[in-house]
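Peer 1: Got a structure for you, written out below as structure tokens; questions coming shortly.
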Amino acid sequence: QRLDWFLVFDLQLWKEVRSGLRELYMATLMLDSRYKMKIALTFARNYPRLSRAFLTQDRAPEHSVLLFSVQLFTAPTLSASLVEHHFFLYVILDVLKKFFMQPTPEFLRRCGVILCDTESFRNRRYFHVFHDMRYLAGTPQVRNWVSTNHHFLASYVGFIGLFQGMNPNCRAALEHVEYEADTWVNAFNVTLQVAKSCRQFAECYGISARDLFFAMRGTLRTLQGAVRRMAEENSSPIIRSGQMHGYLPQAITNPVNSGGDMADAPQLVPETHVLPTLWGRQYEIVRYDVASGPVSFHHPLHWFMAELFQHVKHLTDERARDFGFASVRDMVFSAFDVRLDHALDASGIAEGGRAQPLYAVGPSDVAAAQLELLRILDYPIRVCVVMAQIRAGLWVRNGYVIRLQSHHYREVSL
């Protein structure tokens with residue numbers, strides 16, 4: 001179609017022509033309901049190419065035809081059709097994922113490490129793509145689709161999991177930081193957009209208890225995989241190992257913000273130990289020293305999980321029994337067994353208006369699940385400890401940068 005060619009060659013046109021064409025689309029095609037859907041489908045079909053040009057090649061982004069998206073994605077009928085029939089949310093997630101991950105070497109991507117000092121993080125044009133995703137998710141039809149489509153949940157938590165534990169900080173204990181890099185600014189800019197999307201998509205799962213249970217269980221399994229990789233704690237040893245075996249160039253710098261030398265940092269392994277309390281009881285906790293090990297402020301998977309837990313009206317034992325679990329506790333503790341998701345999906349309301357319990361958590365399952373949950377919940381606790389240590393002056397040798405990170409982390413918008 002002619003419109004396809006106008007969109008494809010938008011980057012090669014003069015600024016006045018580009019702006020004039022965008023005004024022409026709004027003044028003609030968008031006023032006729034017969035052509036609204038056609039232009040929306042054409043725009044969505046060319047969106048990957050347009051977004052790639054906008055993010056990396058366009059020297060006059062303020063004239064890009066991609067800015068026309070706000071006229072399309074804010075219309076409920078258009079956004080619902082694009083998402084439900086053409087799966088456009090997958091397209092946007094794929095655009096963002098490729099944009100952020102492409103500069104990071106494949107070896108680091110497999111290990112769960114993402115570099116924040118790349119051009120993708122410095123280029124703030126990705127804000128517009130995040131806005132497009134939020135426009136689409138703002139309509140009721142799309143929210144219903146998101147809550148019932150479990151494949152999209154897997155894609156979304158996989159996307160936000162890319163930024164889990166990025167840009168960690170390590171306390172400078174012996175000497176002051178001489179050079180304060182601004183990489184943390186890039187990381188927090190991305191985190192702000194990701195956190196907003198976590199809040200918006202988590203609201204979609206407040207419609208149905210069944211969909212909420214699926215989302216919570218799927219997010220817990222994704223967290224389990226991220227915790228087992230230990231990329232946040234071992235980013236320096238991972239890079240050192242990749243450079244030693246020739247998988248990474250020597251020019252890649254250490255992603256940990258530290259005042260000391262992380263070149264000889266040991267590879268950390270998951271450990272637990274038992275600590276007594278003043279009341280005579282003992283508890284098994286994760287062995288980790290936040291005063292000497294890397295700690296990141298960025299945990300979008302935890303934020304998404306926390307937003308899901310805010311739908312407390314569905315988190316009752318009565319609702320859990322309706323969908324095949326003896327209690328909410330059993331639903332959470334059995335989340336790491338993916339087979340029970342299929343049983344939950346196939347479970348119907350049995351005689352008497354209630355499904356029979358599918359699974360009862362045994363003592364051995366409780367012990368294993370408690371250990372996994374203990375490791376998962378340790379990360380936000382580490383951040384709380386770091387914030388307390390910063391206020392106490394223990395991180396003063398890291399300079400003003402660590403205080404700025406602490407300040408921005410406490411912002412309401414994040």
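Starting from 1 in every chain, residues are counted up; chains themselves are A, B, ... following the order of the structure tokens, and ligands are numbered from 1 as listed.
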Could you list, as a list in words, every residue within 9 Å of stretch 314-318 of chain A, counting only C-alpha atoms and ignoring same-chain residues fewer than 4 positions away?
Peer 2: Gly206, Ser208, Ala209, Arg210, Leu212, Phe213, Phe309, Asp322, Phe325, Ala326, Ser327, Val328 and Arg329 of chain A
Peer 1: Would you pick out the contacts of A:Ala195 at 9 Å or less, using only C-alpha atoms, so that residues sharing its chain but fewer than 2 positions from it are not included, and give the list as a list in words?
Peer 2: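 What passes the distance filter is Val190, Thr191, Leu192, Gln193, Ser197, Cys198, Arg199, Gln200, Pro300, Trp303, Phe304, Ser413 and Leu414 of chain A.
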Peer 1: May I have the residues from that selection written out with all heavy atoms, as an mmCIF file, in the first residue's frame?
Peer 2:
```
data_model
loop_
_atom_site.group_PDB
_atom_site.id
_atom_site.type_symbol
_atom_site.label_atom_id
_atom_site.label_comp_id
_atom_site.auth_asym_id
_atom_site.auth_seq_id
_atom_site.Cartn_x
_atom_site.Cartn_y
_atom_site.Cartn_z
ATOM 1 N N VAL A 190 15.802 3.593 33.279
ATOM 2 C CA VAL A 190 15.113 2.392 32.806
ATOM 3 C C VAL A 190 14.224 1.830 33.908
ATOM 4 O O VAL A 190 13.078 1.410 33.658
ATOM 5 C CB VAL A 190 16.141 1.338 32.339
ATOM 6 C CG1 VAL A 190 15.441 0.041 31.947
ATOM 7 C CG2 VAL A 190 16.943 1.864 31.161
ATOM 8 N N THR A 191 14.742 1.820 35.117
ATOM 9 C CA THR A 191 13.970 1.284 36.247
ATOM 10 C C THR A 191 12.662 2.046 36.440
ATOM 11 O O THR A 191 11.624 1.443 36.754
ATOM 12 C CB THR A 191 14.815 1.357 37.527
ATOM 13 O OG1 THR A 191 15.800 0.318 37.493
ATOM 14 C CG2 THR A 191 13.973 1.180 38.768
ATOM 15 N N LEU A 192 12.680 3.351 36.245
ATOM 16 C CA LEU A 192 11.469 4.144 36.423
ATOM 17 C C LEU A 192 10.382 3.707 35.452
ATOM 18 O O LEU A 192 9.209 3.558 35.827
ATOM 19 C CB LEU A 192 11.800 5.623 36.237
ATOM 20 C CG LEU A 192 10.654 6.612 36.471
ATOM 21 C CD1 LEU A 192 10.155 6.519 37.902
ATOM 22 C CD2 LEU A 192 11.105 8.030 36.138
ATOM 23 N N GLN A 193 10.762 3.467 34.200
ATOM 24 C CA GLN A 193 9.778 3.019 33.204
ATOM 25 C C GLN A 193 9.305 1.597 33.487
ATOM 26 O O GLN A 193 8.114 1.284 33.358
ATOM 27 C CB GLN A 193 10.390 3.109 31.809
ATOM 28 C CG GLN A 193 10.863 4.490 31.409
ATOM 29 C CD GLN A 193 9.745 5.522 31.436
ATOM 30 O OE1 GLN A 193 8.622 5.238 31.025
ATOM 31 N NE2 GLN A 193 10.043 6.706 31.930
ATOM 32 N N SER A 197 5.408 0.163 34.457
ATOM 33 C CA SER A 197 4.738 -0.925 33.741
ATOM 34 C C SER A 197 4.380 -2.068 34.689
ATOM 35 O O SER A 197 3.325 -2.699 34.534
ATOM 36 C CB SER A 197 5.622 -1.432 32.601
ATOM 37 O OG SER A 197 6.742 -2.143 33.085
ATOM 38 N N CYS A 198 5.234 -2.339 35.679
ATOM 39 C CA CYS A 198 4.914 -3.373 36.672
ATOM 40 C C CYS A 198 3.633 -3.025 37.413
ATOM 41 O O CYS A 198 2.766 -3.892 37.622
ATOM 42 C CB CYS A 198 6.063 -3.531 37.674
ATOM 43 S SG CYS A 198 7.546 -4.310 37.035
ATOM 44 N N ARG A 199 3.503 -1.783 37.804
ATOM 45 C CA ARG A 199 2.323 -1.352 38.537
ATOM 46 C C ARG A 199 1.067 -1.472 37.671
ATOM 47 O O ARG A 199 0.011 -1.920 38.138
ATOM 48 C CB ARG A 199 2.523 0.090 39.009
ATOM 49 C CG ARG A 199 1.498 0.579 40.006
ATOM 50 C CD ARG A 199 1.856 1.963 40.499
ATOM 51 N NE ARG A 199 3.174 1.998 41.111
ATOM 52 C CZ ARG A 199 4.214 2.657 40.602
ATOM 53 N NH1 ARG A 199 4.097 3.320 39.479
ATOM 54 N NH2 ARG A 199 5.388 2.650 41.217
ATOM 55 N N GLN A 200 1.182 -1.100 36.398
ATOM 56 C CA GLN A 200 0.016 -1.117 35.525
ATOM 57 C C GLN A 200 -0.415 -2.536 35.171
ATOM 58 O O GLN A 200 -1.606 -2.855 35.204
ATOM 59 C CB GLN A 200 0.311 -0.330 34.246
ATOM 60 C CG GLN A 200 -0.895 -0.183 33.334
ATOM 61 C CD GLN A 200 -0.596 0.696 32.144
ATOM 62 O OE1 GLN A 200 0.545 0.794 31.694
ATOM 63 N NE2 GLN A 200 -1.617 1.373 31.615
ATOM 64 N N PRO A 300 12.918 -5.543 39.613
ATOM 65 C CA PRO A 300 11.557 -5.395 39.067
ATOM 66 C C PRO A 300 10.679 -6.616 39.261
ATOM 67 O O PRO A 300 9.458 -6.478 39.384
ATOM 68 C CB PRO A 300 11.798 -5.101 37.579
ATOM 69 C CG PRO A 300 13.194 -5.547 37.308
ATOM 70 C CD PRO A 300 13.945 -5.376 38.575
ATOM 71 N N TRP A 303 9.169 -6.214 42.584
ATOM 72 C CA TRP A 303 8.161 -5.148 42.578
ATOM 73 C C TRP A 303 6.857 -5.653 41.959
ATOM 74 O O TRP A 303 5.780 -5.337 42.469
ATOM 75 C CB TRP A 303 8.681 -3.942 41.800
ATOM 76 C CG TRP A 303 9.981 -3.407 42.316
ATOM 77 C CD1 TRP A 303 10.489 -3.559 43.584
ATOM 78 C CD2 TRP A 303 10.952 -2.662 41.593
ATOM 79 N NE1 TRP A 303 11.709 -2.936 43.678
ATOM 80 C CE2 TRP A 303 12.034 -2.382 42.481
ATOM 81 C CE3 TRP A 303 11.042 -2.188 40.292
ATOM 82 C CZ2 TRP A 303 13.146 -1.654 42.094
ATOM 83 C CZ3 TRP A 303 12.156 -1.472 39.901
ATOM 84 C CH2 TRP A 303 13.196 -1.208 40.799
ATOM 85 N N PHE A 304 6.972 -6.394 40.883
ATOM 86 C CA PHE A 304 5.769 -6.934 40.242
ATOM 87 C C PHE A 304 5.056 -7.899 41.184
ATOM 88 O O PHE A 304 3.823 -7.891 41.291
ATOM 89 C CB PHE A 304 6.163 -7.632 38.936
ATOM 90 C CG PHE A 304 5.003 -8.163 38.155
ATOM 91 C CD1 PHE A 304 4.063 -7.311 37.618
ATOM 92 C CD2 PHE A 304 4.856 -9.518 37.958
ATOM 93 C CE1 PHE A 304 2.989 -7.798 36.886
ATOM 94 C CE2 PHE A 304 3.791 -10.021 37.238
ATOM 95 C CZ PHE A 304 2.856 -9.157 36.691
ATOM 96 N N SER A 413 7.358 7.718 42.928
ATOM 97 C CA SER A 413 7.134 7.245 41.571
ATOM 98 C C SER A 413 7.792 5.908 41.311
ATOM 99 O O SER A 413 7.399 5.169 40.411
ATOM 100 C CB SER A 413 7.672 8.273 40.561
ATOM 101 O OG SER A 413 9.057 8.500 40.773
ATOM 102 N N LEU A 414 8.818 5.563 42.103
ATOM 103 C CA LEU A 414 9.480 4.272 41.933
ATOM 104 C C LEU A 414 8.941 3.252 42.920
ATOM 105 O O LEU A 414 8.874 2.075 42.609
ATOM 106 C CB LEU A 414 10.987 4.439 42.144
ATOM 107 C CG LEU A 414 11.879 3.226 41.866
ATOM 108 C CD1 LEU A 414 11.681 2.794 40.413
ATOM 109 C CD2 LEU A 414 13.329 3.579 42.110
#
```
Peer 1: Quick check, in Å to one decimal: how far apart do atom CA of A:Gln12 and atom CA of A:Pro48 lie?
Peer 2: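 Taking atom CA of A:Gln12 and atom CA of A:Pro48, their separation equals 16.9 Å.
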Peer 1: Which is closer to A:Ala137 than all the others in A:Phe73, A:Tyr47, A:Tyr379, A:Phe323, using only C-alpha atoms?
Peer 2: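 Comparing A:Phe73, A:Tyr47, A:Tyr379, A:Phe323 against A:Ala137, the winner is A:Phe73.
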Peer 1: Which polymer residues have any atom within 10 Å of an atom of A:Pro168, counting only C-alpha atoms, with same-chain residues fewer than 5 positions away left out, as JSON, numbers by chain?
Peer 2: {"A": [184, 231, 232, 233, 235, 255, 256, 257, 258, 293, 294, 295, 296, 297, 298]}
Peer 1: Which is closer to A:Arg22 than all the others in A:Leu89, A:Ala369, A:Leu67, A:Leu248, using only C-alpha atoms?
Peer 2: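 For A:Arg22, the nearest of the candidates is A:Leu67.
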Peer 1: Tell me which protein, DNA and RNA residues are within 12 Å of A:Arg109, counting only C-alpha atoms, leaving out same-chain ones fewer than 2 positions away, and put them as a list in words.
Peer 2: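 Once the nearby chain positions are removed, what remains is Lys97, Lys98, Phe100, Met101, Gln102, Pro103, Thr104, Pro105, Glu106, Phe107, Cys111, Gly112, Val113, Ile114, Leu115, Gly161, Leu162, Phe163, Met166, Arg229, Ala231, Ser235, Ile238, Ile239, Gly242, Tyr247 and Leu248 of chain A.
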Peer 1: Would you save the residues from that selection as a PDB file, in the first residue's frame, using C-alpha atoms?
Peer 2:
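The result, stored in selection.pdb:
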```pdb
ATOM      1  CA  LYS A  97      14.069  -6.588  24.592  1.00  0.00           C
ATOM      2  CA  LYS A  98      16.211  -6.490  21.452  1.00  0.00           C
ATOM      3  CA  PHE A 100      18.368  -3.295  25.503  1.00  0.00           C
ATOM      4  CA  MET A 101      19.984  -6.710  25.103  1.00  0.00           C
ATOM      5  CA  GLN A 102      21.722  -6.372  21.748  1.00  0.00           C
ATOM      6  CA  PRO A 103      24.736  -4.355  23.032  1.00  0.00           C
ATOM      7  CA  THR A 104      25.369  -6.905  25.814  1.00  0.00           C
ATOM      8  CA  PRO A 105      27.495  -9.903  24.703  1.00  0.00           C
ATOM      9  CA  GLU A 106      25.704 -13.230  24.421  1.00  0.00           C
ATOM     10  CA  PHE A 107      27.822 -14.811  27.157  1.00  0.00           C
ATOM     11  CA  CYS A 111      24.408 -15.595  32.680  1.00  0.00           C
ATOM     12  CA  GLY A 112      21.748 -12.970  33.464  1.00  0.00           C
ATOM     13  CA  VAL A 113      24.072  -9.931  33.380  1.00  0.00           C
ATOM     14  CA  ILE A 114      23.119  -6.775  31.482  1.00  0.00           C
ATOM     15  CA  LEU A 115      25.518  -3.868  30.919  1.00  0.00           C
ATOM     16  CA  GLY A 161      13.754 -10.089  34.542  1.00  0.00           C
ATOM     17  CA  LEU A 162      16.445  -8.751  32.198  1.00  0.00           C
ATOM     18  CA  PHE A 163      16.946  -5.825  34.575  1.00  0.00           C
ATOM     19  CA  MET A 166      21.568  -4.720  37.321  1.00  0.00           C
ATOM     20  CA  ARG A 229      21.783 -17.585  38.637  1.00  0.00           C
ATOM     21  CA  ALA A 231      24.070 -12.693  38.574  1.00  0.00           C
ATOM     22  CA  SER A 235      28.720 -10.231  37.899  1.00  0.00           C
ATOM     23  CA  ILE A 238      31.256 -13.922  35.493  1.00  0.00           C
ATOM     24  CA  ILE A 239      32.983 -11.237  33.427  1.00  0.00           C
ATOM     25  CA  GLY A 242      34.320 -14.857  30.201  1.00  0.00           C
ATOM     26  CA  TYR A 247      34.134 -15.250  25.371  1.00  0.00           C
ATOM     27  CA  LEU A 248      34.365 -11.549  26.230  1.00  0.00           C
TER      28      LEU A 248
END
```
Peer 1: Enumerate as an MDAnalysis selection string all residues of stretch 179-309 of chain A assigned to strand (DSSP E) by DSSP on the backbone, naming them with the chain letters and numbers the document uses.
Peer 2: chainID A and resid 257:258 272:276 282:286
Peer 1: When DSSP works through the backbone of this structure, what residues of stretch 179-380 of chain A end up as alpha helix (DSSP H), shown as a PyMOL selection string?
Peer 2: chain A and resi 183-203+209-229+235-244+300-308+317-322+328-333+339-346+363-380
Peer 1: Between A:Phe99, A:Phe188, A:Tyr25, A:Phe201, which has the minimum distance to A:Gln405 (counting only C-alpha atoms)?
Peer 2: A:Phe188
Peer 1: Just want the 9 Å neighbourhood of A:Asp10, counted on only C-alpha atoms, with same-chain residues fewer than 5 positions away dropped. Output as a list of chain:residue names.
Peer 2: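 Non-adjacent residues within range: A:Trp5, A:Val17, A:Arg18, A:Leu50, A:Ser64, A:Val65.
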Peer 1: Write the selection just made, keeping C-alpha atoms, as a JSON list (two decimals), in the first residue's frame?
Peer 2:
```json
[["chain", "number", "residue", "atom", "x", "y", "z"],
["A", 5, "TRP", "CA", 5.77, 3.20, 1.62],
["A", 17, "VAL", "CA", 7.32, 16.79, 4.82],
["A", 18, "ARG", "CA", 7.42, 14.41, 7.78],
["A", 50, "LEU", "CA", 9.76, 2.43, 12.61],
["A", 64, "SER", "CA", 9.16, 10.94, 13.45],
["A", 65, "VAL", "CA", 5.90, 9.33, 12.39]]
```
Peer 1: Quick check, in Å to one decimal: how far apart do atom CA of A:Trp395 and atom CA of A:Arg171 lie?
Peer 2: 5.9 Å
Peer 1: So that each row is one residue of stretch 119-158 of chain A with an atom at most 8 Å from stretch 215-223 of chain A, can you give its shortest atom pair and the distance in Å to one decimal, using only C-alpha atoms, rows by chain and rising number, as JSON lines?
Peer 2:
```
{"residue": "A:His150", "atom": "CA", "partner": "A:Ala215", "partner_atom": "CA", "distance": 7.7}
{"residue": "A:Leu153", "atom": "CA", "partner": "A:Ala215", "partner_atom": "CA", "distance": 6.9}
{"residue": "A:Ala154", "atom": "CA", "partner": "A:Gly218", "partner_atom": "CA", "distance": 7.2}
{"residue": "A:Val157", "atom": "CA", "partner": "A:Thr219", "partner_atom": "CA", "distance": 6.7}
{"residue": "A:Gly158", "atom": "CA", "partner": "A:Thr222", "partner_atom": "CA", "distance": 7.5}
```
Peer 1: Please determine, counting only C-alpha atoms, which residue among A:Ile390, A:Ala44, A:Cys116, A:Ala291 has the shortest atom-to-atom distance to A:Asn189.
Peer 2: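 Residue with the minimum atom-to-atom distance to A:Asn189: A:Cys116.
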